[in-house]
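Reproduced below: coords-v7.tsv, with TSV, C-alpha atoms and all ligand atoms.
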chain	number	residue	atom	x	y	z
A	1	MET	CA	42.30	-64.40	60.01
A	2	LYS	CA	43.38	-61.96	57.36
A	3	LEU	CA	39.86	-60.51	57.08
A	4	SER	CA	39.56	-59.89	60.78
A	5	LYS	CA	42.91	-58.05	60.63
A	6	VAL	CA	41.66	-55.80	57.89
A	7	LEU	CA	38.43	-55.09	59.83
A	8	LEU	CA	40.44	-54.31	62.88
A	9	PHE	CA	42.60	-51.89	60.89
A	10	ILE	CA	39.53	-50.07	59.55
A	11	VAL	CA	37.97	-49.75	62.96
A	12	ALA	CA	41.25	-48.37	64.35
A	13	LEU	CA	41.64	-45.92	61.51
A	14	THR	CA	38.07	-44.66	61.87
A	15	THR	CA	38.60	-44.14	65.55
A	16	ILE	CA	41.82	-42.18	64.95
A	17	LEU	CA	40.17	-40.04	62.28
A	18	SER	CA	37.17	-39.25	64.44
A	19	VAL	CA	39.50	-38.29	67.27
A	20	ILE	CA	41.43	-35.85	65.12
A	21	GLY	CA	38.19	-34.35	63.91
A	22	CYS	CA	37.95	-35.82	60.42
A	23	GLY	CA	35.41	-38.43	61.44
A	24	ALA	CA	32.32	-39.71	59.74
A	25	ALA	CA	31.52	-36.25	58.38
A	26	ALA	CA	34.87	-35.99	56.70
A	27	PRO	CA	34.35	-38.42	53.87
A	28	ALA	CA	30.89	-36.97	53.34
A	29	ALA	CA	32.21	-33.50	52.80
A	30	PRO	CA	34.05	-34.04	49.53
A	31	ALA	CA	31.07	-36.00	48.25
A	32	GLU	CA	28.74	-33.12	48.91
A	33	ALA	CA	31.07	-30.43	47.77
A	34	PRO	CA	30.72	-31.22	44.06
A	35	LYS	CA	26.97	-31.08	44.51
A	36	GLU	CA	27.33	-27.57	45.87
A	37	GLU	CA	29.55	-26.72	42.94
A	38	ALA	CA	27.03	-28.13	40.52
A	39	LYS	CA	24.38	-26.02	42.14
A	40	ALA	CA	26.61	-23.01	41.96
A	41	GLU	CA	27.10	-23.68	38.29
A	42	ALA	CA	23.40	-24.08	37.62
A	43	GLN	CA	22.53	-20.89	39.44
A	44	PRO	CA	24.22	-18.43	37.06
A	45	ALA	CA	22.11	-19.92	34.28
A	46	SER	CA	19.06	-18.26	35.82
A	47	SER	CA	20.85	-15.22	37.23
A	48	ASP	CA	22.66	-15.07	33.86
A	49	LYS	CA	19.43	-13.60	32.56
A	50	LYS	CA	20.00	-10.09	31.34
A	51	THR	CA	18.28	-7.10	32.84
A	52	TYR	CA	17.48	-3.83	31.06
A	53	GLU	CA	20.75	-2.35	32.37
A	54	ASP	CA	22.72	-5.12	30.62
A	55	LEU	CA	20.93	-4.71	27.32
A	56	VAL	CA	22.70	-3.19	24.31
A	57	VAL	CA	20.24	-2.45	21.52
A	58	GLY	CA	20.90	-1.32	17.95
A	59	TYR	CA	17.94	0.48	16.38
A	60	ALA	CA	17.74	1.13	12.65
A	61	GLN	CA	15.06	3.81	12.32
A	62	ILE	CA	13.63	4.88	8.95
A	63	GLY	CA	13.97	8.65	9.21
A	64	ALA	CA	11.92	11.65	10.31
A	65	GLU	CA	9.34	11.77	7.53
A	66	SER	CA	6.23	12.42	9.63
A	67	GLU	CA	4.78	13.49	12.98
A	68	TRP	CA	4.16	9.80	13.57
A	69	ARG	CA	7.83	8.99	13.10
A	70	THR	CA	8.93	11.80	15.41
A	71	ALA	CA	6.67	10.42	18.15
A	72	ASN	CA	7.90	6.89	17.47
A	73	THR	CA	11.58	7.89	17.71
A	74	ALA	CA	10.93	9.82	20.92
A	75	SER	CA	9.21	6.77	22.42
A	76	ILE	CA	12.14	4.47	21.52
A	77	LYS	CA	14.73	6.90	22.91
A	78	GLU	CA	12.88	7.98	26.05
A	79	GLU	CA	12.08	4.44	27.08
A	80	ALA	CA	15.72	3.34	26.67
A	81	GLU	CA	16.77	6.19	28.92
A	82	LYS	CA	14.10	5.33	31.46
A	83	LEU	CA	15.03	1.64	31.61
A	84	GLY	CA	18.79	2.14	31.50
A	85	VAL	CA	19.12	0.30	28.18
A	86	GLU	CA	22.17	1.21	26.08
A	87	LEU	CA	20.71	2.32	22.75
A	88	LYS	CA	22.65	2.73	19.53
A	89	PHE	CA	20.28	4.66	17.32
A	90	SER	CA	20.58	5.23	13.59
A	91	ASP	CA	18.42	7.46	11.35
A	92	ALA	CA	18.50	6.17	7.76
A	93	GLN	CA	16.88	9.21	6.16
A	94	GLN	CA	14.33	6.95	4.47
A	95	LYS	CA	17.01	4.97	2.60
A	96	GLN	CA	17.11	1.19	2.78
A	97	GLU	CA	20.85	1.13	2.03
A	98	ASN	CA	21.47	3.25	5.13
A	99	GLN	CA	19.39	0.91	7.26
A	100	ILE	CA	21.35	-2.08	5.94
A	101	LYS	CA	24.63	-0.30	6.75
A	102	ALA	CA	23.38	0.47	10.25
A	103	ILE	CA	22.42	-3.17	10.84
A	104	ARG	CA	25.87	-4.32	9.66
A	105	SER	CA	27.52	-1.92	12.03
A	106	PHE	CA	25.35	-3.16	14.92
A	107	ILE	CA	26.42	-6.72	14.06
A	108	ALA	CA	30.09	-5.63	14.08
A	109	GLN	CA	29.55	-4.00	17.49
A	110	GLN	CA	27.97	-7.24	18.75
A	111	VAL	CA	24.84	-5.65	20.19
A	112	ASP	CA	22.44	-7.99	22.02
A	113	VAL	CA	19.46	-7.34	19.78
A	114	ILE	CA	18.56	-5.28	16.71
A	115	GLY	CA	15.32	-3.34	16.22
A	116	VAL	CA	14.44	-2.20	12.72
A	117	SER	CA	11.49	-0.50	11.00
A	118	PRO	CA	12.03	-1.67	7.44
A	119	VAL	CA	11.42	1.28	5.12
A	120	VAL	CA	10.24	-1.09	2.37
A	121	GLU	CA	9.12	-4.71	2.60
A	122	THR	CA	11.61	-6.45	0.32
A	123	GLY	CA	15.39	-6.79	0.17
A	124	TRP	CA	16.22	-7.79	3.77
A	125	GLU	CA	17.08	-11.46	3.60
A	126	THR	CA	20.85	-11.13	3.25
A	127	VAL	CA	21.41	-8.72	6.10
A	128	PHE	CA	18.94	-10.46	8.43
A	129	GLN	CA	20.74	-13.74	7.69
A	130	GLU	CA	24.01	-12.05	8.66
A	131	ALA	CA	22.48	-11.03	11.98
A	132	LYS	CA	21.18	-14.55	12.50
A	133	ASP	CA	24.61	-16.05	11.74
A	134	ALA	CA	26.09	-13.69	14.33
A	135	GLY	CA	23.51	-14.90	16.86
A	136	ILE	CA	21.83	-11.49	17.11
A	137	PRO	CA	18.02	-11.53	17.09
A	138	VAL	CA	16.17	-9.03	14.90
A	139	ILE	CA	12.88	-7.48	16.02
A	140	LEU	CA	10.72	-5.83	13.36
A	141	VAL	CA	9.15	-2.70	14.80
A	142	ASP	CA	6.26	-0.80	13.18
A	143	ARG	CA	6.76	-2.22	9.66
A	144	ARG	CA	7.03	-5.78	8.44
A	145	ALA	CA	9.63	-7.18	6.07
A	146	ALA	CA	8.88	-9.89	3.52
A	147	VAL	CA	11.32	-12.49	4.87
A	148	PRO	CA	10.99	-16.06	6.14
A	149	GLU	CA	9.87	-16.22	9.78
A	150	ASP	CA	13.13	-17.71	11.02
A	151	LEU	CA	14.95	-14.49	10.11
A	152	TYR	CA	13.23	-12.38	12.77
A	153	ALA	CA	12.19	-12.93	16.35
A	154	THR	CA	8.91	-11.03	16.33
A	155	TYR	CA	7.00	-8.19	14.67
A	156	LEU	CA	5.66	-5.44	16.93
A	157	GLY	CA	3.23	-3.17	15.13
A	158	SER	CA	-0.11	-2.44	13.60
A	159	ASP	CA	-2.49	-4.27	11.33
A	160	PHE	CA	-2.22	-1.92	8.36
A	161	VAL	CA	-4.77	-3.83	6.29
A	162	GLU	CA	-7.28	-3.33	9.08
A	163	GLU	CA	-6.41	0.39	9.17
A	164	GLY	CA	-7.14	0.51	5.43
A	165	ARG	CA	-10.49	-1.20	5.95
A	166	ARG	CA	-11.36	1.23	8.73
A	167	ALA	CA	-10.42	4.14	6.48
A	168	GLY	CA	-12.70	2.67	3.79
A	169	GLU	CA	-15.55	2.41	6.25
A	170	ALA	CA	-14.98	5.98	7.44
A	171	MET	CA	-14.90	7.19	3.83
A	172	ASP	CA	-18.15	5.35	3.18
A	173	LYS	CA	-19.78	7.22	6.09
A	174	VAL	CA	-18.32	10.60	5.17
A	175	LEU	CA	-19.25	10.28	1.49
A	176	GLU	CA	-22.54	8.56	2.25
A	177	GLY	CA	-21.54	5.77	-0.05
A	178	LYS	CA	-20.90	7.81	-3.18
A	179	GLY	CA	-17.99	9.77	-4.62
A	180	LYS	CA	-14.79	10.03	-6.62
A	181	ILE	CA	-11.72	9.51	-4.49
A	182	VAL	CA	-8.06	10.40	-4.98
A	183	GLU	CA	-5.49	8.50	-2.97
A	184	LEU	CA	-2.19	9.70	-1.51
A	185	VAL	CA	-0.13	6.57	-1.11
A	186	GLY	CA	2.70	6.19	1.44
A	187	THR	CA	6.28	5.28	0.59
A	188	VAL	CA	6.27	2.97	-2.44
A	189	GLY	CA	6.89	-0.64	-1.42
A	190	SER	CA	6.42	0.00	2.30
A	191	ALA	CA	4.18	-2.29	4.34
A	192	PRO	CA	1.80	0.48	5.47
A	193	ALA	CA	1.39	1.78	1.91
A	194	ASN	CA	0.79	-1.69	0.47
A	195	ASP	CA	-1.60	-2.74	3.21
A	196	ARG	CA	-3.53	0.50	3.68
A	197	ALA	CA	-4.20	0.48	-0.06
A	198	LYS	CA	-5.28	-3.16	0.12
A	199	GLY	CA	-7.61	-2.81	3.13
A	200	PHE	CA	-9.30	0.28	1.69
A	201	ARG	CA	-9.92	-1.47	-1.63
A	202	GLU	CA	-11.21	-4.52	0.18
A	203	TYR	CA	-13.80	-2.38	1.97
A	204	ILE	CA	-15.01	-0.44	-1.07
A	205	ALA	CA	-15.04	-3.52	-3.34
A	206	ASP	CA	-18.82	-3.84	-2.93
A	207	LYS	CA	-19.52	-0.09	-2.99
A	208	PRO	CA	-20.07	0.52	-6.70
A	209	ASP	CA	-20.51	4.27	-6.26
A	210	MET	CA	-17.21	4.79	-4.49
A	211	GLU	CA	-14.44	5.02	-7.03
A	212	ILE	CA	-10.69	5.67	-6.79
A	213	ILE	CA	-9.93	7.90	-9.77
A	214	ALA	CA	-6.23	8.56	-9.09
A	215	SER	CA	-3.55	7.13	-6.84
A	216	GLN	CA	0.01	8.34	-6.36
A	217	SER	CA	2.73	8.28	-3.71
A	218	GLY	CA	3.36	11.28	-1.48
A	219	ASP	CA	6.10	9.35	0.38
A	220	PHE	CA	4.42	9.96	3.76
A	221	THR	CA	5.61	13.60	3.85
A	222	ARG	CA	3.70	16.90	3.98
A	223	ALA	CA	5.70	18.47	1.16
A	224	LYS	CA	5.12	15.54	-1.20
A	225	GLY	CA	1.47	15.26	-0.14
A	226	LYS	CA	0.94	18.88	-1.09
A	227	GLU	CA	2.77	18.52	-4.39
A	228	VAL	CA	0.82	15.43	-5.49
A	229	MET	CA	-2.51	16.92	-4.39
A	230	GLU	CA	-1.74	19.96	-6.57
A	231	ALA	CA	-1.24	17.60	-9.51
A	232	PHE	CA	-4.51	15.78	-8.73
A	233	LEU	CA	-6.36	19.10	-8.62
A	234	LYS	CA	-4.81	20.16	-11.88
A	235	SER	CA	-6.01	16.98	-13.61
A	236	TYR	CA	-9.39	16.46	-11.95
A	237	GLY	CA	-10.31	19.79	-10.30
A	238	LYS	CA	-13.82	19.84	-8.86
A	239	ASP	CA	-14.47	16.26	-9.92
A	240	ILE	CA	-12.67	15.15	-6.78
A	241	ASN	CA	-15.11	14.42	-3.95
A	242	ALA	CA	-12.69	12.95	-1.48
A	243	LEU	CA	-9.10	12.26	-0.55
A	244	TYR	CA	-7.80	9.13	1.15
A	245	ALA	CA	-4.33	9.84	2.52
A	246	HIS	CA	-2.23	6.98	3.93
A	247	ASN	CA	-1.03	9.30	6.70
A	248	ASP	CA	-2.00	12.58	8.37
A	249	ASP	CA	1.08	14.47	7.21
A	250	MET	CA	0.21	13.97	3.54
A	251	ALA	CA	-3.38	14.96	4.32
A	252	ILE	CA	-2.16	18.14	6.02
A	253	GLY	CA	0.01	18.97	2.99
A	254	ALA	CA	-2.98	18.27	0.73
A	255	ILE	CA	-5.23	20.54	2.84
A	256	GLN	CA	-2.90	23.42	1.96
A	257	ALA	CA	-3.03	22.55	-1.73
A	258	ILE	CA	-6.84	22.38	-1.67
A	259	GLU	CA	-7.10	25.77	0.05
A	260	GLU	CA	-4.66	27.33	-2.39
A	261	TYR	CA	-6.76	25.92	-5.21
A	262	GLY	CA	-9.78	27.74	-3.76
A	263	LEU	CA	-11.74	24.78	-2.41
A	264	LYS	CA	-12.68	23.92	1.17
A	265	PRO	CA	-10.94	20.85	2.59
A	266	GLY	CA	-13.34	18.80	4.71
A	267	GLU	CA	-16.34	20.18	2.80
A	268	ASP	CA	-15.77	20.38	-0.95
A	269	ILE	CA	-13.25	17.59	-0.68
A	270	LYS	CA	-13.79	15.18	2.20
A	271	ILE	CA	-10.62	13.80	3.75
A	272	VAL	CA	-9.86	10.57	5.62
A	273	SER	CA	-6.33	9.78	6.74
A	274	VAL	CA	-4.37	7.49	9.04
A	275	ASP	CA	-2.15	7.98	12.16
A	276	ALA	CA	-4.23	10.24	14.47
A	277	VAL	CA	-1.36	12.61	15.32
A	278	ARG	CA	-2.06	15.98	17.00
A	279	GLY	CA	-1.98	17.82	13.69
A	280	ALA	CA	-4.91	15.66	12.53
A	281	PHE	CA	-6.94	16.51	15.63
A	282	GLU	CA	-6.24	20.19	15.05
A	283	ALA	CA	-7.32	19.85	11.41
A	284	MET	CA	-10.53	18.09	12.50
A	285	ILE	CA	-11.29	20.85	15.01
A	286	ALA	CA	-10.79	23.38	12.19
A	287	GLY	CA	-13.27	21.37	10.08
A	288	LYS	CA	-10.66	20.50	7.45
A	289	LEU	CA	-10.32	16.77	8.06
A	290	ASN	CA	-13.23	14.34	8.35
A	291	CYS	CA	-11.67	11.33	10.04
A	292	THR	CA	-8.35	9.88	11.16
A	293	VAL	CA	-7.71	6.20	11.81
A	294	GLU	CA	-5.27	5.62	14.63
A	295	CYS	CA	-1.86	4.02	14.23
A	296	ASN	CA	-0.01	3.96	17.53
A	297	PRO	CA	3.63	5.12	17.39
A	298	LEU	CA	4.40	4.75	21.11
A	299	LEU	CA	6.11	1.40	20.74
A	300	GLY	CA	9.11	1.97	23.04
A	301	PRO	CA	7.82	0.19	26.18
A	302	GLN	CA	6.63	-2.92	24.30
A	303	PHE	CA	9.78	-3.00	22.19
A	304	TYR	CA	12.20	-3.24	25.13
A	305	GLU	CA	9.99	-5.72	26.94
A	306	LEU	CA	10.14	-7.95	23.87
A	307	ALA	CA	13.86	-7.32	23.36
A	308	LEU	CA	14.65	-8.49	26.88
A	309	LYS	CA	12.50	-11.58	26.53
A	310	VAL	CA	14.06	-12.49	23.19
A	311	VAL	CA	17.61	-12.00	24.49
A	312	ASN	CA	16.82	-14.17	27.52
A	313	GLY	CA	15.47	-16.91	25.29
A	314	GLU	CA	11.86	-16.54	26.39
A	315	GLU	CA	9.01	-17.32	24.02
A	316	VAL	CA	7.35	-14.37	22.28
A	317	ALA	CA	4.51	-14.26	19.78
A	318	LYS	CA	5.50	-13.82	16.14
A	319	TRP	CA	3.25	-10.77	15.95
A	320	VAL	CA	2.43	-8.43	18.80
A	321	PRO	CA	-0.27	-6.05	17.49
A	322	SER	CA	-0.84	-2.57	18.91
A	323	GLU	CA	-4.29	-1.32	19.97
A	324	GLU	CA	-5.86	1.44	17.90
A	325	GLY	CA	-9.03	3.51	17.45
A	326	VAL	CA	-10.84	5.67	14.85
A	327	TYR	CA	-11.56	9.37	15.48
A	328	TYR	CA	-14.11	11.82	14.07
A	329	PRO	CA	-14.30	15.66	14.40
A	330	GLU	CA	-17.10	15.54	17.04
A	331	GLU	CA	-14.73	14.07	19.61
A	332	ALA	CA	-11.54	15.86	18.51
A	333	GLU	CA	-11.77	18.82	20.88
A	334	ALA	CA	-12.34	16.61	23.92
A	335	LEU	CA	-9.53	14.24	23.02
A	336	LEU	CA	-6.84	16.68	21.86
A	337	PRO	CA	-5.49	17.52	25.34
A	338	GLU	CA	-4.89	13.81	26.02
A	339	ARG	CA	-3.02	13.17	22.78
A	340	LYS	CA	0.59	12.43	23.57
A	341	TYR	CA	1.81	12.88	20.00
B	1	LIG	O1	1.74	5.86	9.30
B	1	LIG	C1	3.55	7.23	8.67
B	1	LIG	C2	5.00	7.01	8.87
B	1	LIG	O2	5.14	3.00	9.36
B	1	LIG	C3	3.10	3.19	10.47
B	1	LIG	O3	5.16	5.63	8.66
B	1	LIG	C4	4.29	3.89	9.94
B	1	LIG	C5	3.98	5.00	8.99
B	1	LIG	C6	3.08	6.09	9.49
B	1	LIG	O4	5.79	7.82	8.21
B	1	LIG	O5	3.14	8.48	9.10

In structure tokens, what does this structure look like?
Ligand code: GYE
Amino acid sequence: MKLSKVLLFIVALTTILSVIGCGAAAPAAPAEAPKEEAKAEAQPASSDKKTYEDLVVGYAQIGAESEWRTANTASIKEEAEKLGVELKFSDAQQKQENQIKAIRSFIAQQVDVIGVSPVVETGWETVFQEAKDAGIPVILVDRRAAVPEDLYATYLGSDFVEEGRRAGEAMDKVLEGKGKIVELVGTVGSAPANDRAKGFREYIADKPDMEIIASQSGDFTRAKGKEVMEAFLKSYGKDINALYAHNDDMAIGAIQAIEEYGLKPGEDIKIVSVDAVRGAFEAMIAGKLNCTVECNPLLGPQFYELALKVVNGEEVAKWVPSEEGVYYPEEAEALLPERKY
């Protein structure tokens, strides 16, 4: 009897509720509502993804030591402007301590991601760890740092060892396998200086008639390149058959020194350098430079693409290499108008 009373009560209640418009659908509504809420919560996770306009980037640049660097800086700045990225840019005037200070200030400002071209390879662990602890990813641009892989998100830049090998091969062609070479090294302890020296030596290792007779740093600048070339000429004079310069700017400085010494650059002293900036094409057209191996400075577009991916937690390769060529005087005139830097 009791059970039938309860059933009767339920039936009556349901009828009343359906009459006042809170019928069968009513109980369903609250049950579905949380689902909607859950969906609504899940949605922002995907629309939470940052866009270029949301991105705040700190960039610790090395300085303005070369034509290459000027083109590189322009690429980083112009692309930020184009994409609407907020860029905090710092020029360290080729000093590691200034780059470290800049990175610390980016951490304090809680930027989304930090880009850095490490002036030298060593000495970055502490500050990169600080960025990691603050949850800010670090992207190495142009130059590598000798740190464990978990301290940076990715490296975007060239294969400097390969550039060195290509320079060795070009020198072999230009010298026809025989000659005494002086070397203008880049910034001491920098990845491109270390690796361009290594690759070149690797290539000439089995060329017994190609010999490096002197090697000194010109710090990647024209002024230093000229100064060191003057010293080489003073010590070795006409014994020098060729110059290998780790960048075009040092080669261009050296060309001046060679001319002032009374020799013909490109003829009396053959010259191979790296970067392939406009100045190198002009020197090739003038017959003063024999080859330039390309190192691409226009890294802006790839950098921000990577930065956005990294910030949004997407997978990126640990090394994203840039594509590069090798150029000789014969093609310089035709290619010069297309050179963007
Ligand atoms: O070759 C040189 C510049 O890191 C690849 O730095 C860069 C080098 C470039 O100053 O010209």

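A distance cut-off of 7 Å from ligand LIG 1 (chain B), applied to all atoms listed in the file, picks out the residues A:Glu65, A:Ser66, A:Glu67, A:Trp68, A:Arg69, A:Asp142, A:Arg143, A:Pro192, A:Phe220, A:His246, A:Asn247, A:Asp248, A:Asp249, A:Val274, A:Asp275, A:Cys295.
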
Env of range 232-240 of chain A: 12 Å cut, atoms = only C-alpha atoms, seq-sep filter 4 positions within chain, self excluded. Answer as a VMD selection string. chain A and resid 175 178 to 184 210 to 218 225 to 228 244 254 to 265 267 to 271

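Atom pair CA of Tyr59 in chain A / CA of Asn98 in chain A has a distance of 12.1 Å (rounded to one decimal).
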
Please identify all polymer residues within 9 Å of Val127 in chain A, counting only C-alpha atoms, omitting same-chain residues fewer than 5 positions from it, and present them as a PyMOL selection string. chain A and resi 100+103-104+132

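Between CA of Leu298 in chain A and CA of Thr73 in chain A the interatomic distance comes to 8.5 Å.
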
Point out the residue among A:Tyr304, A:Phe281, A:Tyr152, A:Phe106 with the least atom-to-atom distance to Glu78 in chain A, counting only C-alpha atoms. A:Tyr304

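For the point (-15.6, 8.0, 3.9), the residues with an atom at a distance of at most 9 Å are Ala167, Gly168, Glu169, Ala170, Met171, Asp172, Lys173, Val174, Leu175, Glu176, Gly177, Lys178, Ala242, Leu243, Tyr244, Lys270, Ile271, Val272, Asn290 and Cys291 of chain A, counting all atoms listed in the file.
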
Export C-alpha atoms of the chosen residues as an mmCIF file, in the coordinates of the input?
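Saved result, result_24.cif, follows:
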data_model
loop_
_atom_site.group_PDB
_atom_site.id
_atom_site.type_symbol
_atom_site.label_atom_id
_atom_site.label_comp_id
_atom_site.auth_asym_id
_atom_site.auth_seq_id
_atom_site.Cartn_x
_atom_site.Cartn_y
_atom_site.Cartn_z
ATOM 1 C CA ALA A 167 -10.420 4.140 6.480
ATOM 2 C CA GLY A 168 -12.700 2.670 3.790
ATOM 3 C CA GLU A 169 -15.550 2.410 6.250
ATOM 4 C CA ALA A 170 -14.980 5.980 7.440
ATOM 5 C CA MET A 171 -14.900 7.190 3.830
ATOM 6 C CA ASP A 172 -18.150 5.350 3.180
ATOM 7 C CA LYS A 173 -19.780 7.220 6.090
ATOM 8 C CA VAL A 174 -18.320 10.600 5.170
ATOM 9 C CA LEU A 175 -19.250 10.280 1.490
ATOM 10 C CA GLU A 176 -22.540 8.560 2.250
ATOM 11 C CA GLY A 177 -21.540 5.770 -0.050
ATOM 12 C CA LYS A 178 -20.900 7.810 -3.180
ATOM 13 C CA ALA A 242 -12.690 12.950 -1.480
ATOM 14 C CA LEU A 243 -9.100 12.260 -0.550
ATOM 15 C CA TYR A 244 -7.800 9.130 1.150
ATOM 16 C CA LYS A 270 -13.790 15.180 2.200
ATOM 17 C CA ILE A 271 -10.620 13.800 3.750
ATOM 18 C CA VAL A 272 -9.860 10.570 5.620
ATOM 19 C CA ASN A 290 -13.230 14.340 8.350
ATOM 20 C CA CYS A 291 -11.670 11.330 10.040
#

Can you rebuild range 72-84 of chain A with N, CA, C and O atoms and give it as a short mmCIF file (atom, residue, chain, number, x, y, z; two decimals), keeping the file's coordinate frame?
data_model
loop_
_atom_site.label_atom_id
_atom_site.label_comp_id
_atom_site.auth_asym_id
_atom_site.auth_seq_id
_atom_site.Cartn_x
_atom_site.Cartn_y
_atom_site.Cartn_z
N ASN A 72 7.38 8.25 17.36
CA ASN A 72 7.90 6.89 17.47
C ASN A 72 9.35 6.91 17.95
O ASN A 72 9.74 6.19 18.88
N THR A 73 10.16 7.77 17.33
CA THR A 73 11.58 7.89 17.71
C THR A 73 11.70 8.35 19.17
O THR A 73 12.49 7.80 19.94
N ALA A 74 10.87 9.32 19.55
CA ALA A 74 10.93 9.82 20.92
C ALA A 74 10.60 8.69 21.90
O ALA A 74 11.26 8.54 22.93
N SER A 75 9.61 7.87 21.55
CA SER A 75 9.21 6.77 22.42
C SER A 75 10.36 5.76 22.59
O SER A 75 10.64 5.29 23.69
N ILE A 76 11.02 5.44 21.48
CA ILE A 76 12.14 4.47 21.52
C ILE A 76 13.29 5.04 22.37
O ILE A 76 13.87 4.34 23.19
N LYS A 77 13.61 6.31 22.17
CA LYS A 77 14.73 6.90 22.91
C LYS A 77 14.42 7.12 24.38
O LYS A 77 15.23 6.81 25.25
N GLU A 78 13.24 7.67 24.66
CA GLU A 78 12.88 7.98 26.05
C GLU A 78 12.79 6.72 26.89
O GLU A 78 13.23 6.69 28.04
N GLU A 79 12.24 5.67 26.31
CA GLU A 79 12.08 4.44 27.08
C GLU A 79 13.43 3.80 27.38
O GLU A 79 13.63 3.26 28.47
N ALA A 80 14.37 3.89 26.44
CA ALA A 80 15.72 3.34 26.67
C ALA A 80 16.35 4.05 27.86
O ALA A 80 16.92 3.43 28.76
N GLU A 81 16.22 5.36 27.85
CA GLU A 81 16.77 6.19 28.92
C GLU A 81 16.15 5.81 30.27
O GLU A 81 16.84 5.63 31.26
N LYS A 82 14.84 5.66 30.24
CA LYS A 82 14.10 5.33 31.46
C LYS A 82 14.52 3.98 32.04
O LYS A 82 14.68 3.83 33.25
N LEU A 83 14.73 3.00 31.14
CA LEU A 83 15.03 1.64 31.61
C LEU A 83 16.51 1.40 31.85
O LEU A 83 16.91 0.38 32.40
N GLY A 84 17.35 2.34 31.36
CA GLY A 84 18.79 2.14 31.50
C GLY A 84 19.36 1.23 30.42
O GLY A 84 20.43 0.66 30.57
#
